[in-house]
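Undergrad: I am attaching a structure below and will ask some questions about it afterwards.
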Amino acid sequence: MIQNLIQYPSPTIKLISANVRFFNDELLQWITDMRDTMIANDLNALSAILIGIQQSIIVIKEGENYIPYINARLIKHSDVQTHTERSVYYEGISVDVDRYNKVTVVYEDENATPCYRDLEGEAARIFQQYLDYCFGSTFVDRVDRDMKQRIHDHLEFGLVKDAGSCPIIFYRDYFKRGAKYLMWGIVATFFVPFFASKEVLERVYLMDKYLIAGVILLMIGYFFYAQYESRQYKQCTSCQIGNIIGTVAFLMGQLAVIALGVFLWVAP
Amino acid sequence: MARLVVLGGGVAGHTAATFAADWLGRDHEVVVVTPNAKWNWIPSNIWVGVGEMTKEEVTFDLAPVYEKAGITYKQAKAVSLNPEGNASGDKPFVTIEYTGQGKAGKSEELTYDYLINATGPKLNFAATPGLGDANGLGEFTVSVCTADHAVHASHELTKIMDKMRKGERQKILIGTGHGMCTCQGAAFEYIFNVEHEIRKAGLRDMADIQWISNESFMGDFGMGGLHMKVGGYVVSSRIFTESLFAERGVNYITGAHVNKVEKGKVSYELLDGSMGEETFDFSMLIPPFAGVGLKAYNKAGEDITDTVFAPNGFMKVDANYTPKPYEEWKASDWPRTYQNPTFKNLFAAGIAFAPPHIISKPAKSPNGTVINPTPPRTGMPSGIIGKAVAHSVCDLIKHGPSAHLHEASMAEMGAACVASAGKGWLDGQAAAMTVYPVVPDLEKYPGTGRDTDYTFGEIGLAGHWIKHILHFLFIYKAKLKPFWKVIPE
């Protein structure tokens, strides 16, 4: 059955394919689906992940035959050459990539029989490109930083960072920003005693107390929401709880200094 | 008063003994039997091997630490176990042979109520002709598996760097010395530290550096690979490692079983059955690991080694050792309590326990040669298992045989590893990696068997700082300095 091709910006492409463990009818069906999809899209190779199957299967068209390479590994390589590659995932983009011109690959066929082959030229290049898909990578991971940045800038949503990519802005930061604005507001009232009457000062002092309470509430909100959010994006950093505690402690320290100023200076 | 004997004073043994002594207090006796006089923080041997640290910085004397902890210390190696005692008594005992303390060569029968086998591995240099023999490391290559080996490696590295300075081009070969090695990470660290030192000395253009490994793909690390985060983008450890090697001009051979080492040359077989040779002027090849060769005897003096130990010499524990094909492997095959199924007062921790099977996909060449990494059980898992086993034994001693045994399955345990790629406070680099679980659980995490949120790595200067901080932190902990117990394993 013809399957839909995974295309940019689907993060599925970053998943690392599992080794095929069961050589059964399901595997044969996957291979058939891959072949049908290749024919329908006029492709000469396909990795299973490109149709959403997270299994280490590559099918390469050789003449009229469609050869499955299961759990493939590249064990010998020589003669690096630069090729211009296109990708079914990143449609409309081509980049120059270094690939080995001669490789030896080991793999299993659909009957789990270990096989060994020497590939050369275009066959070697195709194999390497599609093996990268099995390891959660595209040609983007084979180019230098500058080229990667250019591709990133060219793409509508930038490069797909990972299968569960990290947000650019965490919502918890709004709590932090809100607390900072309030604290700046309080600091601004430090100038009031220079020119305001006692009556006005009393109102400002009352307002400052509410603002201090507001900052504390925002910090409490930050502390709990940040932990909730960090559970959604566990992959983004290894020590979010440390960052959260550190941020709260730092802001509370700032608030303590500001509050001291309010009680010693603004209070009528 | 019960006596707990701990065989081995490495990460697992030292952790088990020190926690047990703390929990049991002076009411019971904890004895450590280890042939070494010094404790060695093995991960930092890499830096000794490139001359960036001294042996003294990565080792310390065990005797004063054990004296402080109230642990009886015997500098000796275990030779055999009699878990049923012998004809003259029912008390189980271990026969030890002293290697120091003025009693070298003398034997003693040490009785025990509970025994934790944490001997670590035998560095099986003899498995590869030319890599070494029964006495240890051979003459053609170097090793960083012990602090003394690392000092030797550093001297040999200095020699070839002197040759480079004189204009002699040198070939460096680093990796694994057998098809069934583990600890690819140590070799990975060493090759990049060597490259870093040579580059720092301005000699990089005089060295050809080559990697050789039994992994079927770069970045397998004996764990089937993982993700790495580089510059904010996630890539597989294969792509990351290949890029790192390409960036530093290091060529690589994977899927290789080194089958012979000669002066300046190794011979190897690849997964496709083809044979190859590599020459070298300097080579560090990690040996395969085996059990230390403990024998076991029953009350009648008959050999029951097969009952207590697996064929590779590691101790049988509560794992499922039924041979089965790769597709039937399960996370539940892995041990939870590390208790010997036959003798309930015997436990194993760290490398000393026999794993039920490997972690990476098994592979054989057409000639039938097994070429696949064996499971890593060092570092963090060793410490966690050592502590769990100590906890179980302490509860058994305090509460009797019905006490609950503590569990630390590698299939439910995460591990962190920091692999140095060059030492230097400002120009150093290290890859910090976490995997969860260490042993993939394909039922719980369909696909690769791991929780991708927790299976992660990142490379950079900060990684080097972490590695350096860990060096001081773990030596501090092992010396039992104030608050040592709060430092995690």
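Convention: chains lettered A, B, ... in structure tokens order; per-chain residue numbering from 1; ligands numbered from 1 as shown.
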Quick one: which residues from chain B are at most 7 Å off chain A, using only C-alpha atoms, as a list of chain:residue names?
TA: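 Taking only C-alpha atoms into account, B:Ser216, B:Phe217, B:Tyr233, B:Val234, B:Val235, B:Ser236, B:Ile253, B:Thr254, B:Gly255, B:Asp272, B:Glu327, B:Gly447, B:Thr448, B:Asp453, B:Tyr454 sit within 7 Å of chain A.
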Undergrad: For range 218-227 of chain A, find every residue with an atom within 12 Å (counting only C-alpha atoms), except residues of its own chain fewer than 4 positions away, and show them as a ChimeraX atom specification.
TA: /A:170-183,211-214,231-234,239-255
Undergrad: For His227 in chain B, which residue among B:Gly457, B:Gly463, B:Gly422, B:Gly130 is the nearest when counting only C-alpha atoms?
TA: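 Checking each of B:Gly457, B:Gly463, B:Gly422, B:Gly130 against His227 in chain B, counting only C-alpha atoms, the winner is B:Gly457.
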Undergrad: When DSSP is applied to the backbone of this structure, which of range 188-274 of chain B are assigned strand (DSSP E)? Write them out as a PyMOL selection string.
TA: chain B and resi 207-212+227-230+233-236+250-253+256-262+265-270
Undergrad: How would the residues just chosen look if you wrote them out with N, CA and C atoms as a JSON list (two decimals), in the first residue's frame?
TA:
```
[["chain", "number", "residue", "atom", "x", "y", "z"],
["B", 207, "ALA", "N", 51.22, 13.06, 12.91],
["B", 207, "ALA", "CA", 50.60, 11.83, 13.44],
["B", 207, "ALA", "C", 49.42, 11.38, 12.59],
["B", 208, "ASP", "N", 49.39, 10.10, 12.29],
["B", 208, "ASP", "CA", 48.21, 9.49, 11.69],
["B", 208, "ASP", "C", 47.49, 8.75, 12.81],
["B", 209, "ILE", "N", 46.24, 9.12, 13.05],
["B", 209, "ILE", "CA", 45.53, 8.52, 14.18],
["B", 209, "ILE", "C", 44.37, 7.68, 13.66],
["B", 210, "GLN", "N", 44.31, 6.45, 14.15],
["B", 210, "GLN", "CA", 43.34, 5.47, 13.64],
["B", 210, "GLN", "C", 42.57, 4.84, 14.80],
["B", 211, "TRP", "N", 41.29, 4.71, 14.63],
["B", 211, "TRP", "CA", 40.41, 4.06, 15.63],
["B", 211, "TRP", "C", 40.03, 2.69, 15.12],
["B", 212, "ILE", "N", 40.01, 1.71, 16.02],
["B", 212, "ILE", "CA", 39.54, 0.37, 15.64],
["B", 212, "ILE", "C", 38.62, -0.11, 16.75],
["B", 227, "HIS", "N", 21.21, 9.51, 21.62],
["B", 227, "HIS", "CA", 21.16, 10.81, 20.95],
["B", 227, "HIS", "C", 22.22, 11.73, 21.54],
["B", 228, "MET", "N", 22.68, 12.66, 20.74],
["B", 228, "MET", "CA", 23.60, 13.68, 21.25],
["B", 228, "MET", "C", 23.03, 15.04, 20.86],
["B", 229, "LYS", "N", 23.27, 16.02, 21.71],
["B", 229, "LYS", "CA", 22.83, 17.37, 21.40],
["B", 229, "LYS", "C", 24.07, 18.19, 21.06],
["B", 230, "VAL", "N", 24.13, 18.69, 19.85],
["B", 230, "VAL", "CA", 25.30, 19.45, 19.43],
["B", 230, "VAL", "C", 24.82, 20.78, 18.86],
["B", 233, "TYR", "N", 21.17, 21.16, 18.31],
["B", 233, "TYR", "CA", 20.48, 20.20, 17.45],
["B", 233, "TYR", "C", 20.77, 18.78, 17.91],
["B", 234, "VAL", "N", 19.78, 17.93, 17.78],
["B", 234, "VAL", "CA", 19.94, 16.56, 18.22],
["B", 234, "VAL", "C", 20.36, 15.67, 17.06],
["B", 235, "VAL", "N", 21.42, 14.90, 17.27],
["B", 235, "VAL", "CA", 21.84, 13.93, 16.26],
["B", 235, "VAL", "C", 22.11, 12.61, 16.95],
["B", 236, "SER", "N", 22.11, 11.53, 16.20],
["B", 236, "SER", "CA", 22.40, 10.24, 16.81],
["B", 236, "SER", "C", 23.88, 10.19, 17.14],
["B", 250, "VAL", "N", 40.59, 11.80, 12.23],
["B", 250, "VAL", "CA", 40.85, 10.45, 12.75],
["B", 250, "VAL", "C", 40.05, 9.46, 11.92],
["B", 251, "ASN", "N", 40.75, 8.49, 11.33],
["B", 251, "ASN", "CA", 40.06, 7.48, 10.53],
["B", 251, "ASN", "C", 39.55, 6.37, 11.44],
["B", 252, "TYR", "N", 38.60, 5.58, 10.97],
["B", 252, "TYR", "CA", 38.05, 4.56, 11.86],
["B", 252, "TYR", "C", 37.71, 3.27, 11.13],
["B", 253, "ILE", "N", 37.81, 2.19, 11.92],
["B", 253, "ILE", "CA", 37.41, 0.86, 11.46],
["B", 253, "ILE", "C", 36.41, 0.34, 12.49],
["B", 256, "ALA", "N", 35.23, -4.73, 14.10],
["B", 256, "ALA", "CA", 36.52, -5.42, 13.98],
["B", 256, "ALA", "C", 36.85, -6.26, 15.22],
["B", 257, "HIS", "N", 37.29, -7.46, 14.98],
["B", 257, "HIS", "CA", 37.80, -8.33, 16.05],
["B", 257, "HIS", "C", 39.32, -8.41, 15.86],
["B", 258, "VAL", "N", 40.06, -7.79, 16.77],
["B", 258, "VAL", "CA", 41.53, -7.87, 16.69],
["B", 258, "VAL", "C", 41.90, -9.28, 17.13],
["B", 259, "ASN", "N", 42.54, -10.04, 16.22],
["B", 259, "ASN", "CA", 42.84, -11.44, 16.56],
["B", 259, "ASN", "C", 44.31, -11.71, 16.78],
["B", 260, "LYS", "N", 45.16, -10.73, 16.53],
["B", 260, "LYS", "CA", 46.59, -10.94, 16.76],
["B", 260, "LYS", "C", 47.29, -9.59, 16.86],
["B", 261, "VAL", "N", 48.20, -9.50, 17.81],
["B", 261, "VAL", "CA", 49.00, -8.28, 17.94],
["B", 261, "VAL", "C", 50.47, -8.68, 17.86],
["B", 262, "GLU", "N", 51.18, -7.98, 17.01],
["B", 262, "GLU", "CA", 52.63, -8.20, 16.90],
["B", 262, "GLU", "C", 53.30, -6.86, 17.08],
["B", 265, "LYS", "N", 52.13, -4.09, 14.65],
["B", 265, "LYS", "CA", 51.10, -4.52, 13.71],
["B", 265, "LYS", "C", 49.96, -5.28, 14.41],
["B", 266, "VAL", "N", 48.72, -4.98, 14.03],
["B", 266, "VAL", "CA", 47.61, -5.81, 14.50],
["B", 266, "VAL", "C", 46.92, -6.44, 13.29],
["B", 267, "SER", "N", 46.41, -7.65, 13.50],
["B", 267, "SER", "CA", 45.61, -8.31, 12.48],
["B", 267, "SER", "C", 44.18, -8.35, 13.01],
["B", 268, "TYR", "N", 43.23, -8.20, 12.11],
["B", 268, "TYR", "CA", 41.84, -8.20, 12.56],
["B", 268, "TYR", "C", 40.92, -8.84, 11.53],
["B", 269, "GLU", "N", 39.75, -9.23, 12.03],
["B", 269, "GLU", "CA", 38.71, -9.78, 11.16],
["B", 269, "GLU", "C", 37.51, -8.85, 11.25],
["B", 270, "LEU", "N", 36.89, -8.57, 10.13],
["B", 270, "LEU", "CA", 35.72, -7.69, 10.13],
["B", 270, "LEU", "C", 34.43, -8.50, 10.10]]
```
Undergrad: Go ahead and compute the interatomic distance for CA of Leu285 in chain B and CA of Leu173 in chain B, in Å to one decimal.
TA: 7.9 Å
Undergrad: So how many Å separate CA of Pro68 in chain A and CA of Ser10 in chain A, to one decimal?
TA: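 Between CA of Pro68 in chain A and CA of Ser10 in chain A the gap is 24.6 Å.
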Undergrad: List the neighbours of Val439 in chain B out to 10 Å using only C-alpha atoms; skip same-chain residues closer than 6 positions along the sequence, and give me the result as a list in words.
TA: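 Close residues of Val439 in chain B: Met223, Gly224, Lys330, Ala331, Ser332, Trp334, Ile358, Ile359, Ser360, Pro375, Pro376, Ser409, Met410, Ala411, Glu412, Met413, Gly414, Gly449 and Arg450 of chain B.
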Undergrad: Please list as a ChimeraX atom specification every residue within 9 Å of His471 in chain B, counting only C-alpha atoms and excluding residues in the same chain fewer than 3 positions away.
TA: /B:41,43-44,58,466-468,474-476
Undergrad: What's around Asp208 in chain A at 12 Å? Count only C-alpha atoms, leave out sequence neighbours fewer than 5 positions away in its own chain, and write the answer as a PDB file with N, CA and C atoms, in the first residue's frame.
TA:
```pdb
ATOM      1  N   LEU A 182       6.979  44.294  37.713  1.00  0.00           N
ATOM      2  CA  LEU A 182       6.435  44.783  38.985  1.00  0.00           C
ATOM      3  C   LEU A 182       7.549  45.350  39.867  1.00  0.00           C
ATOM      4  N   MET A 183       8.675  44.659  39.884  1.00  0.00           N
ATOM      5  CA  MET A 183       9.783  45.130  40.722  1.00  0.00           C
ATOM      6  C   MET A 183      10.326  46.472  40.221  1.00  0.00           C
ATOM      7  N   TRP A 184      10.380  46.621  38.887  1.00  0.00           N
ATOM      8  CA  TRP A 184      10.802  47.912  38.335  1.00  0.00           C
ATOM      9  C   TRP A 184       9.822  49.009  38.742  1.00  0.00           C
ATOM     10  N   GLY A 185       8.534  48.641  38.747  1.00  0.00           N
ATOM     11  CA  GLY A 185       7.491  49.582  39.166  1.00  0.00           C
ATOM     12  C   GLY A 185       7.722  50.040  40.602  1.00  0.00           C
ATOM     13  N   ILE A 186       8.072  49.088  41.457  1.00  0.00           N
ATOM     14  CA  ILE A 186       8.316  49.427  42.864  1.00  0.00           C
ATOM     15  C   ILE A 186       9.538  50.343  42.973  1.00  0.00           C
ATOM     16  N   VAL A 187      10.578  49.977  42.234  1.00  0.00           N
ATOM     17  CA  VAL A 187      11.806  50.796  42.277  1.00  0.00           C
ATOM     18  C   VAL A 187      11.500  52.237  41.851  1.00  0.00           C
ATOM     19  N   ALA A 188      10.610  52.371  40.860  1.00  0.00           N
ATOM     20  CA  ALA A 188      10.251  53.716  40.378  1.00  0.00           C
ATOM     21  C   ALA A 188       9.634  54.556  41.495  1.00  0.00           C
ATOM     22  N   THR A 189       8.921  53.888  42.414  1.00  0.00           N
ATOM     23  CA  THR A 189       8.273  54.650  43.505  1.00  0.00           C
ATOM     24  C   THR A 189       9.284  55.178  44.524  1.00  0.00           C
ATOM     25  N   PHE A 190      10.543  54.733  44.417  1.00  0.00           N
ATOM     26  CA  PHE A 190      11.569  55.224  45.338  1.00  0.00           C
ATOM     27  C   PHE A 190      11.805  56.742  45.181  1.00  0.00           C
ATOM     28  N   VAL A 192       9.335  58.885  44.695  1.00  0.00           N
ATOM     29  CA  VAL A 192       8.143  59.600  45.167  1.00  0.00           C
ATOM     30  C   VAL A 192       8.410  60.432  46.431  1.00  0.00           C
ATOM     31  N   LEU A 201       2.130  59.653  49.642  1.00  0.00           N
ATOM     32  CA  LEU A 201       3.132  58.651  49.998  1.00  0.00           C
ATOM     33  C   LEU A 201       2.496  57.428  50.659  1.00  0.00           C
ATOM     34  N   GLU A 202       1.480  57.695  51.478  1.00  0.00           N
ATOM     35  CA  GLU A 202       0.794  56.574  52.132  1.00  0.00           C
ATOM     36  C   GLU A 202       0.130  55.664  51.105  1.00  0.00           C
ATOM     37  N   ARG A 203      -0.468  56.317  50.069  1.00  0.00           N
ATOM     38  CA  ARG A 203      -1.118  55.516  49.026  1.00  0.00           C
ATOM     39  C   ARG A 203      -0.059  54.718  48.231  1.00  0.00           C
ATOM     40  N   ALA A 213       3.429  41.766  47.175  1.00  0.00           N
ATOM     41  CA  ALA A 213       2.636  40.531  47.275  1.00  0.00           C
ATOM     42  C   ALA A 213       2.433  39.922  45.886  1.00  0.00           C
ATOM     43  N   GLY A 214       2.217  40.805  44.884  1.00  0.00           N
ATOM     44  CA  GLY A 214       2.041  40.331  43.504  1.00  0.00           C
ATOM     45  C   GLY A 214       3.287  39.612  42.999  1.00  0.00           C
ATOM     46  N   VAL A 215       4.455  40.180  43.304  1.00  0.00           N
ATOM     47  CA  VAL A 215       5.711  39.549  42.871  1.00  0.00           C
ATOM     48  C   VAL A 215       5.836  38.168  43.517  1.00  0.00           C
ATOM     49  N   LEU A 255      13.924  40.893  45.282  1.00  0.00           N
ATOM     50  CA  LEU A 255      12.708  41.409  45.908  1.00  0.00           C
ATOM     51  C   LEU A 255      12.968  41.812  47.362  1.00  0.00           C
ATOM     52  N   ILE A 258      14.552  45.166  47.387  1.00  0.00           N
ATOM     53  CA  ILE A 258      13.571  46.194  47.015  1.00  0.00           C
ATOM     54  C   ILE A 258      12.586  46.433  48.163  1.00  0.00           C
ATOM     55  N   ALA A 259      12.122  45.327  48.778  1.00  0.00           N
ATOM     56  CA  ALA A 259      11.162  45.452  49.881  1.00  0.00           C
ATOM     57  C   ALA A 259      11.785  46.221  51.048  1.00  0.00           C
ATOM     58  N   LEU A 260      13.058  45.969  51.278  1.00  0.00           N
ATOM     59  CA  LEU A 260      13.754  46.681  52.346  1.00  0.00           C
ATOM     60  C   LEU A 260      13.748  48.186  52.062  1.00  0.00           C
ATOM     61  N   GLY A 261      13.975  48.510  50.782  1.00  0.00           N
ATOM     62  CA  GLY A 261      13.948  49.908  50.365  1.00  0.00           C
ATOM     63  C   GLY A 261      12.578  50.524  50.591  1.00  0.00           C
ATOM     64  N   VAL A 262      11.530  49.746  50.292  1.00  0.00           N
ATOM     65  CA  VAL A 262      10.158  50.238  50.465  1.00  0.00           C
ATOM     66  C   VAL A 262       9.891  50.540  51.937  1.00  0.00           C
ATOM     67  N   PHE A 263      10.239  49.574  52.791  1.00  0.00           N
ATOM     68  CA  PHE A 263       9.918  49.741  54.211  1.00  0.00           C
ATOM     69  C   PHE A 263      10.782  50.807  54.891  1.00  0.00           C
ATOM     70  N   TRP A 265      12.417  53.421  53.153  1.00  0.00           N
ATOM     71  CA  TRP A 265      12.491  54.686  52.431  1.00  0.00           C
ATOM     72  C   TRP A 265      11.132  55.221  52.004  1.00  0.00           C
ATOM     73  N   VAL A 266      10.305  54.356  51.412  1.00  0.00           N
ATOM     74  CA  VAL A 266       9.016  54.824  50.893  1.00  0.00           C
ATOM     75  C   VAL A 266       7.989  54.970  52.025  1.00  0.00           C
ATOM     76  N   ALA A 267       8.068  54.080  53.023  1.00  0.00           N
ATOM     77  CA  ALA A 267       7.072  54.121  54.112  1.00  0.00           C
ATOM     78  C   ALA A 267       7.057  55.489  54.775  1.00  0.00           C
TER      79      ALA A 267
END
```
Undergrad: Mind checking which residues fall within 7 Å of Tyr321 in chain B, counting only C-alpha atoms, ignoring those fewer than 2 positions away in the same chain, and posting them as a PyMOL selection string?
TA: chain B and resi 319+323+356
Undergrad: Now that the selection is made, can you save its residues with N, CA and C atoms as an mmCIF file, in the first residue's frame?
TA:
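Produced file result_3.cif, reproduced below:
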```cif
data_model
loop_
_atom_site.group_PDB
_atom_site.id
_atom_site.type_symbol
_atom_site.label_atom_id
_atom_site.label_comp_id
_atom_site.auth_asym_id
_atom_site.auth_seq_id
_atom_site.Cartn_x
_atom_site.Cartn_y
_atom_site.Cartn_z
ATOM 1 N N ALA B 319 19.348 -13.373 37.502
ATOM 2 C CA ALA B 319 19.003 -13.048 36.112
ATOM 3 C C ALA B 319 18.395 -14.286 35.454
ATOM 4 N N PRO B 323 19.230 -19.481 27.538
ATOM 5 C CA PRO B 323 19.645 -18.976 26.217
ATOM 6 C C PRO B 323 18.441 -18.759 25.318
ATOM 7 N N PRO B 356 22.724 -11.455 31.676
ATOM 8 C CA PRO B 356 22.027 -12.531 30.972
ATOM 9 C C PRO B 356 22.336 -12.564 29.473
#
```
Undergrad: For Ala40 in chain A, find every residue with an atom within 12 Å (counting only C-alpha atoms), except residues of its own chain fewer than 6 positions away, and show them as a VMD selection string.
TA: chain A and resid 1 to 5 33 to 34
Undergrad: Distance CA of Leu396 in chain B-CA of Ala348 in chain B, one decimal place?
TA: 15.3 Å
Undergrad: For the structure I just gave you, how does DSSP split range 15-116 of chain B - specifically, which residues are helix (DSSP H, G or I)? Reply as a PyMOL selection string.
TA: chain B and resi 15-27+42-48+55-58+62-69
Undergrad: How would the residues just chosen look if you wrote them out with C-alpha atoms as a PDB file, in the first residue's frame?
TA:
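part17.pdb, freshly written:
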```
ATOM      1  CA  THR B  15      30.634   1.578  47.851  1.00  0.00           C
ATOM      2  CA  ALA B  16      29.120  -1.619  49.274  1.00  0.00           C
ATOM      3  CA  ALA B  17      31.697  -1.948  52.066  1.00  0.00           C
ATOM      4  CA  THR B  18      31.625   1.677  53.204  1.00  0.00           C
ATOM      5  CA  PHE B  19      27.826   1.917  53.262  1.00  0.00           C
ATOM      6  CA  ALA B  20      27.514  -1.471  54.973  1.00  0.00           C
ATOM      7  CA  ALA B  21      30.047  -0.461  57.643  1.00  0.00           C
ATOM      8  CA  ASP B  22      28.127   2.759  58.204  1.00  0.00           C
ATOM      9  CA  TRP B  23      24.734   1.070  58.427  1.00  0.00           C
ATOM     10  CA  LEU B  24      25.873  -1.906  60.514  1.00  0.00           C
ATOM     11  CA  GLY B  25      27.999   0.082  62.955  1.00  0.00           C
ATOM     12  CA  ARG B  26      30.335  -1.722  65.336  1.00  0.00           C
ATOM     13  CA  ASP B  27      27.840  -4.508  66.076  1.00  0.00           C
ATOM     14  CA  ILE B  42      39.633   4.725  36.969  1.00  0.00           C
ATOM     15  CA  PRO B  43      37.885   7.325  34.757  1.00  0.00           C
ATOM     16  CA  SER B  44      40.742   9.748  35.376  1.00  0.00           C
ATOM     17  CA  ASN B  45      43.332   7.198  34.233  1.00  0.00           C
ATOM     18  CA  ILE B  46      42.686   8.657  30.786  1.00  0.00           C
ATOM     19  CA  TRP B  47      44.381  11.870  31.922  1.00  0.00           C
ATOM     20  CA  VAL B  48      47.239   9.943  33.532  1.00  0.00           C
ATOM     21  CA  LYS B  55      49.161   8.398  39.459  1.00  0.00           C
ATOM     22  CA  GLU B  56      49.039  10.000  42.914  1.00  0.00           C
ATOM     23  CA  GLU B  57      46.203  12.286  41.816  1.00  0.00           C
ATOM     24  CA  VAL B  58      43.958   9.378  40.850  1.00  0.00           C
ATOM     25  CA  LEU B  62      42.932   2.239  51.263  1.00  0.00           C
ATOM     26  CA  ALA B  63      44.250   1.223  54.698  1.00  0.00           C
ATOM     27  CA  PRO B  64      43.701   4.544  56.533  1.00  0.00           C
ATOM     28  CA  VAL B  65      40.251   5.002  54.982  1.00  0.00           C
ATOM     29  CA  TYR B  66      39.131   1.518  56.035  1.00  0.00           C
ATOM     30  CA  GLU B  67      40.611   2.018  59.485  1.00  0.00           C
ATOM     31  CA  LYS B  68      38.571   5.199  59.866  1.00  0.00           C
ATOM     32  CA  ALA B  69      35.438   3.388  58.692  1.00  0.00           C
TER      33      ALA B  69
END
```
